[in-house]
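Containing mmCIF, C-alpha atoms: protein19.cif.
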data_entry
loop_
_atom_site.label_atom_id
_atom_site.label_comp_id
_atom_site.auth_asym_id
_atom_site.auth_seq_id
_atom_site.Cartn_x
_atom_site.Cartn_y
_atom_site.Cartn_z
CA MET P 1 0.00 0.00 0.00
CA ALA P 2 1.22 3.54 -0.74
CA ARG P 3 2.74 5.44 2.15
CA GLY P 4 0.36 7.94 3.73
CA THR P 5 -2.85 6.22 2.67
CA ILE P 6 -5.68 5.15 4.93
CA ALA P 7 -7.27 1.75 4.38
CA SER P 8 -9.15 0.66 7.52
CA ASP P 9 -12.92 0.31 7.73
CA GLU P 10 -13.01 3.17 10.24
CA ALA P 11 -11.06 5.40 7.85
CA ASP P 12 -13.47 4.47 5.05
CA GLN P 13 -16.34 5.65 7.25
CA ASP P 14 -14.51 8.94 7.83
CA PHE P 15 -14.39 9.49 4.08
CA ILE P 16 -18.07 8.78 3.32
CA ASN P 17 -19.52 11.88 1.61
CA ALA P 18 -16.10 13.54 1.74
CA VAL P 19 -15.31 15.79 -1.21
CA GLY P 20 -11.90 15.44 -2.80
CA PHE P 21 -10.47 18.09 -5.08
CA TYR P 22 -8.12 17.48 -7.98
CA SER P 23 -6.44 19.36 -10.81
CA TRP P 24 -4.91 17.67 -13.82
CA ASN P 25 -2.35 19.52 -15.92
CA VAL P 26 -3.35 17.89 -19.20
CA THR P 27 -0.29 18.94 -21.22
CA GLU P 28 2.12 17.62 -18.56
CA ASN P 29 -0.15 14.70 -17.57
CA ARG P 30 0.19 15.44 -13.84
CA VAL P 31 -2.75 15.05 -11.42
CA TYR P 32 -2.65 16.89 -8.09
CA GLY P 33 -5.11 16.19 -5.30
CA ASP P 34 -5.95 16.33 -1.63
CA ASP P 35 -6.17 13.65 1.07
CA VAL P 36 -9.56 12.41 -0.12
CA ILE P 37 -8.22 11.80 -3.63
CA ALA P 38 -5.17 10.10 -2.08
CA HIS P 39 -7.41 7.83 0.00
CA VAL P 40 -9.77 6.91 -2.84
CA PHE P 41 -7.00 6.01 -5.27
CA GLY P 42 -4.58 4.50 -2.73
CA LEU P 43 -1.86 7.11 -3.18
CA SER P 44 0.14 9.15 -0.72
CA ILE P 45 -0.48 12.85 -0.32
CA GLU P 46 3.23 13.29 -1.09
CA ASP P 47 2.75 11.64 -4.51
CA LEU P 48 -0.20 13.91 -5.28
CA SER P 49 1.64 17.03 -4.15
CA ILE P 50 4.22 16.46 -6.92
CA GLY P 51 1.63 15.18 -9.40
CA MET P 52 0.92 11.71 -10.75
CA PRO P 53 0.09 10.59 -14.31
CA ILE P 54 -3.66 10.12 -14.85
CA ASP P 55 -3.20 6.43 -15.68
CA VAL P 56 -2.04 5.81 -12.10
CA LEU P 57 -5.45 6.96 -10.87
CA VAL P 58 -7.75 5.43 -13.49
CA ARG P 59 -6.13 1.99 -13.34
CA TYR P 60 -8.25 1.13 -10.29
CA ILE P 61 -11.60 1.98 -11.90
CA ASP P 62 -13.60 -1.23 -12.26
CA GLU P 63 -13.55 -2.72 -15.76
CA GLY P 64 -17.31 -2.32 -16.13
CA ASP P 65 -16.96 1.46 -15.66
CA LYS P 66 -13.49 2.18 -17.07
CA GLN P 67 -14.46 2.57 -20.76
CA ARG P 68 -17.47 4.76 -19.97
CA VAL P 69 -15.44 7.01 -17.66
CA ALA P 70 -12.55 7.26 -20.13
CA LYS P 71 -14.96 8.28 -22.90
CA ALA P 72 -16.63 10.91 -20.68
CA ILE P 73 -13.24 12.37 -19.71
CA HIS P 74 -12.13 12.37 -23.35
CA MET P 75 -15.31 14.19 -24.43
CA ALA P 76 -14.85 16.79 -21.68
CA ILE P 77 -11.34 17.43 -22.97
CA VAL P 78 -12.40 17.57 -26.63
CA ASP P 79 -15.54 19.70 -26.34
CA GLY P 80 -15.07 21.46 -22.98
CA ALA P 81 -18.38 20.14 -21.65
CA ALA P 82 -18.89 19.34 -18.00
CA TYR P 83 -17.96 15.84 -16.89
CA ASN P 84 -20.25 13.99 -14.46
CA ALA P 85 -19.98 10.30 -13.69
CA GLU P 86 -20.63 7.74 -11.01
CA TYR P 87 -18.34 4.74 -10.92
CA SER P 88 -16.78 2.11 -8.71
CA LEU P 89 -13.17 1.25 -8.23
CA THR P 90 -11.19 -1.35 -6.38
CA HIS P 91 -8.76 0.26 -3.95
CA PRO P 92 -5.22 -1.19 -4.06
CA ASP P 93 -5.92 -2.96 -0.75
CA GLY P 94 -8.89 -4.74 -2.36
CA HIS P 95 -11.93 -2.96 -0.94
CA LYS P 96 -14.58 -1.37 -3.17
CA VAL P 97 -15.14 2.38 -3.36
CA SER P 98 -18.05 4.11 -5.09
CA VAL P 99 -17.68 7.74 -6.16
CA ARG P 100 -19.50 10.52 -7.91
CA ALA P 101 -17.11 12.70 -9.91
CA ASN P 102 -17.37 15.91 -11.87
CA GLY P 103 -15.00 18.19 -13.66
CA ARG P 104 -14.31 20.43 -16.59
CA CYS P 105 -11.33 20.93 -18.85
CA LEU P 106 -10.25 24.55 -19.16
CA ARG P 107 -8.41 25.83 -22.19
CA ASP P 108 -5.33 28.00 -22.51
CA VAL P 109 -5.09 31.27 -24.43
CA ASP P 110 -4.64 29.32 -27.69
CA GLY P 111 -7.81 27.31 -27.04
CA LEU P 112 -5.96 24.09 -26.25
CA PRO P 113 -6.98 21.82 -23.35
CA SER P 114 -4.92 22.87 -20.34
CA ILE P 115 -6.19 22.30 -16.80
CA TYR P 116 -8.85 19.75 -15.90
CA SER P 117 -10.26 20.39 -12.41
CA GLY P 118 -13.02 18.78 -10.45
CA THR P 119 -14.23 16.89 -7.43
CA VAL P 120 -14.74 13.30 -6.35
CA ILE P 121 -17.36 12.54 -3.69
CA VAL P 122 -17.10 9.22 -1.87
CA GLN P 123 -20.50 7.52 -1.92
CA PRO P 124 -21.78 5.36 0.90
CA ALA P 125 -22.12 1.68 0.11
CA LEU P 126 -25.60 0.23 0.53
CA ALA P 127 -26.44 -0.65 4.13
CA GLU P 128 -23.43 1.27 5.48
CA PRO P 129 -24.09 4.06 7.97
CA ILE P 130 -23.32 7.53 6.66
CA GLN P 131 -20.80 9.50 8.66
CA ILE P 132 -20.28 13.04 7.49
CA SER P 133 -16.90 14.53 8.31
CA ASP P 134 -16.28 18.24 8.69
CA PRO P 135 -15.16 19.47 5.24
CA LEU P 136 -13.26 22.40 6.78
CA GLU P 137 -11.22 19.99 8.89
CA SER P 138 -10.58 17.76 5.85
CA HIS P 139 -9.38 20.71 3.75
CA CYS P 140 -7.19 22.05 6.57
CA ARG P 141 -5.61 18.59 6.97
CA ALA P 142 -4.96 18.41 3.22
CA ALA P 143 -3.44 21.90 3.23
CA LEU P 144 -1.29 20.98 6.26
CA ASP P 145 -0.03 17.86 4.48
CA LEU P 146 0.87 19.91 1.40
CA ALA P 147 2.51 22.71 3.43
CA SER P 148 4.56 20.16 5.39
CA ALA P 149 5.56 18.25 2.25
CA ARG P 150 6.72 21.46 0.61
CA GLY P 151 8.60 22.71 3.68
CA HIS P 152 6.38 25.73 4.36
CA ALA P 153 6.84 25.75 8.14
CA LEU P 154 4.92 28.95 8.84
CA ALA P 155 1.88 27.84 6.83
CA ALA P 156 2.03 24.43 8.54
CA ARG P 157 2.10 26.10 11.96
CA TYR P 158 -0.97 28.25 11.15
CA LEU P 159 -2.84 25.27 9.73
CA SER P 160 -2.00 23.21 12.83
CA SER P 161 -3.41 26.01 14.98
CA ALA P 162 -6.56 26.09 12.87
CA LEU P 163 -6.97 22.33 13.24
CA ASN P 164 -6.52 22.63 17.01
CA MET P 165 -9.42 25.11 17.03
CA LEU P 166 -11.58 22.74 14.96
CA THR P 167 -10.74 19.61 16.97
CA PRO P 168 -9.89 20.69 20.52
CA ASP P 169 -8.30 18.06 22.75
CA LEU P 170 -11.13 16.58 24.77
CA GLY P 171 -8.78 14.71 27.12
#

Would you mind giving the structure from this file in structure tokens?
Amino acid sequence: MARGTIASDEADQDFINAVGFYSWNVTENRVYGDDVIAHVFGLSIEDLSIGMPIDVLVRYIDEGDKQRVAKAIHMAIVDGAAYNAEYSLTHPDGHKVSVRANGRCLRDVDGLPSIYSGTVIVQPALAEPIQISDPLESHCRAALDLASARGHALAARYLSSALNMLTPDLG
């Protein structure tokens, strides 16, 4: 399993209905994402902070959905239309994940596909209880991971303080 990923059942519950954010530099084929994207696709936040090729992420999409998702992404790149899809994937540790994803491919000044940004929302499996996590906490944790990975000590300190305010020590 990739370093920095979360794979336990409890962690899966923490990610139900979580919104992950990603950006894909199409010309360089580098996908960047937060901790939710890292969890869903079994990657480390460190890998996503430097960018990963799109094929690393889509390889886990279930075969029944892979062609449909690839076509929808391709069409969004070609015609600039919004991308919306629901699909399942098999996490590298073997458990199933269902997601709802959306995005759009922006174009550069010459009209060429450039940056593809969007979200992935982790869907609850049938008969699983829904646990909604605080999105502000999730985003602060993702920002803290990125700040730490990039050596931005001051930003990391401020983000740690913000997280302490959001999740005060109850003990």

>> Given the PyMOL selection byres ((chain P and resi 68-79) around 12) and the file above, list the residues it selects as JSON, numbers by chain.
In response: {"P": [24, 25, 26, 27, 54, 55, 57, 58, 59, 60, 61, 62, 63, 64, 65, 66, 67, 80, 81, 82, 83, 84, 85, 86, 87, 88, 89, 99, 100, 101, 102, 103, 104, 105, 106, 107, 111, 112, 113, 114, 115, 116, 117, 118]}

>> Under the rule that only C-alpha atoms are counted, which of P:Pro53, P:Ala142, P:Pro124, P:Glu137 is the nearest residue to P:Ile37?
In response: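 Closest to P:Ile37, using only C-alpha atoms: P:Ala142.
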
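One distance worth recording is that between atom CA of P:Phe21 and atom CA of P:Asp110, which is 25.9 Å.
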
>> Counting all atoms listed in the file, which residue out of P:Val109, P:Val31, P:Val36, P:Leu163 sits closest to P:Asn17?
In response: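 Of P:Val109, P:Val31, P:Val36, P:Leu163, the one nearest P:Asn17, counting all atoms listed in the file, is P:Val36.
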
I'd like the box whose edges run along x, y and z of the file and which contains every listed atom of stretch 143-162 of chain P, padded by 6 Å per side; could you state its centre and edge lengths in Å, one decimal, as lines of an AutoDock Vina configuration file?
center_x = 1.0
center_y = 23.4
center_z = 7.8
size_x = 27.2
size_y = 23.1
size_z = 26.4

> Nearest to P:Leu144: which of P:Met165, P:Asp35, P:Ser98, P:Met52 is it, counting only C-alpha atoms?
Replying inline: P:Asp35

> Distance atom CA of P:Val120-atom CA of P:Arg157, one decimal place?
Replying inline: 28.0 Å

Which residues, named as in the file, does the PyMOL selection byres ((chain P and resi 140) around 10) pick out? Answer as an mmCIF file with C-alpha atoms, in the coordinates of the input.
data_model
loop_
_atom_site.group_PDB
_atom_site.id
_atom_site.type_symbol
_atom_site.label_atom_id
_atom_site.label_comp_id
_atom_site.auth_asym_id
_atom_site.auth_seq_id
_atom_site.Cartn_x
_atom_site.Cartn_y
_atom_site.Cartn_z
ATOM 1 C CA PRO P 135 -15.160 19.470 5.240
ATOM 2 C CA LEU P 136 -13.260 22.400 6.780
ATOM 3 C CA GLU P 137 -11.220 19.990 8.890
ATOM 4 C CA SER P 138 -10.580 17.760 5.850
ATOM 5 C CA HIS P 139 -9.380 20.710 3.750
ATOM 6 C CA ARG P 141 -5.610 18.590 6.970
ATOM 7 C CA ALA P 142 -4.960 18.410 3.220
ATOM 8 C CA ALA P 143 -3.440 21.900 3.230
ATOM 9 C CA LEU P 144 -1.290 20.980 6.260
ATOM 10 C CA ASP P 145 -0.030 17.860 4.480
ATOM 11 C CA LEU P 146 0.870 19.910 1.400
ATOM 12 C CA ALA P 156 2.030 24.430 8.540
ATOM 13 C CA TYR P 158 -0.970 28.250 11.150
ATOM 14 C CA LEU P 159 -2.840 25.270 9.730
ATOM 15 C CA SER P 160 -2.000 23.210 12.830
ATOM 16 C CA ALA P 162 -6.560 26.090 12.870
ATOM 17 C CA LEU P 163 -6.970 22.330 13.240
ATOM 18 C CA LEU P 166 -11.580 22.740 14.960
#

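Taking atom CA of P:Ser161 and atom CA of P:Gly42 as endpoints, the distance between them is 27.9 Å.
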
>> Quick check on the file I pasted: which residues fall under the PyMOL selection byres ((chain P and resi 19) around 6)? Write them as JSON, numbers by chain.
In response: {"P": [18, 20, 120, 121]}

>> Residues within 10 Å of P:Ala38, please, as an MDAnalysis selection string. Count all atoms listed in the file; anything in the same chain fewer than 3 positions from it doesn't count.
In response: chainID P and resid 2 4:6 20 22 32:35 41:49 57 142

Take the residues that were just selected and, keeping C-alpha atoms, output them as a CSV table (one decimal), in the frame of the given file.
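Result saved to again_26.csv:
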chain,number,residue,atom,x,y,z
P,2,ALA,CA,1.2,3.5,-0.7
P,4,GLY,CA,0.4,7.9,3.7
P,5,THR,CA,-2.8,6.2,2.7
P,6,ILE,CA,-5.7,5.2,4.9
P,20,GLY,CA,-11.9,15.4,-2.8
P,22,TYR,CA,-8.1,17.5,-8.0
P,32,TYR,CA,-2.6,16.9,-8.1
P,33,GLY,CA,-5.1,16.2,-5.3
P,34,ASP,CA,-6.0,16.3,-1.6
P,35,ASP,CA,-6.2,13.6,1.1
P,41,PHE,CA,-7.0,6.0,-5.3
P,42,GLY,CA,-4.6,4.5,-2.7
P,43,LEU,CA,-1.9,7.1,-3.2
P,44,SER,CA,0.1,9.2,-0.7
P,45,ILE,CA,-0.5,12.8,-0.3
P,46,GLU,CA,3.2,13.3,-1.1
P,47,ASP,CA,2.8,11.6,-4.5
P,48,LEU,CA,-0.2,13.9,-5.3
P,49,SER,CA,1.6,17.0,-4.2
P,57,LEU,CA,-5.4,7.0,-10.9
P,142,ALA,CA,-5.0,18.4,3.2

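Nearest to P:Ile16 of all the residues P:Val56, P:Gly94, P:Ile50, P:His39 is P:His39, counting all atoms listed in the file.
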
> Restricting the calculation to all atoms listed in the file, which member of P:Asp108, P:Val40, P:Phe15, P:Gly51 is positioned closest to P:Glu28?
Replying inline: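 Counting all atoms listed in the file, the residue closest to P:Glu28 is P:Gly51.
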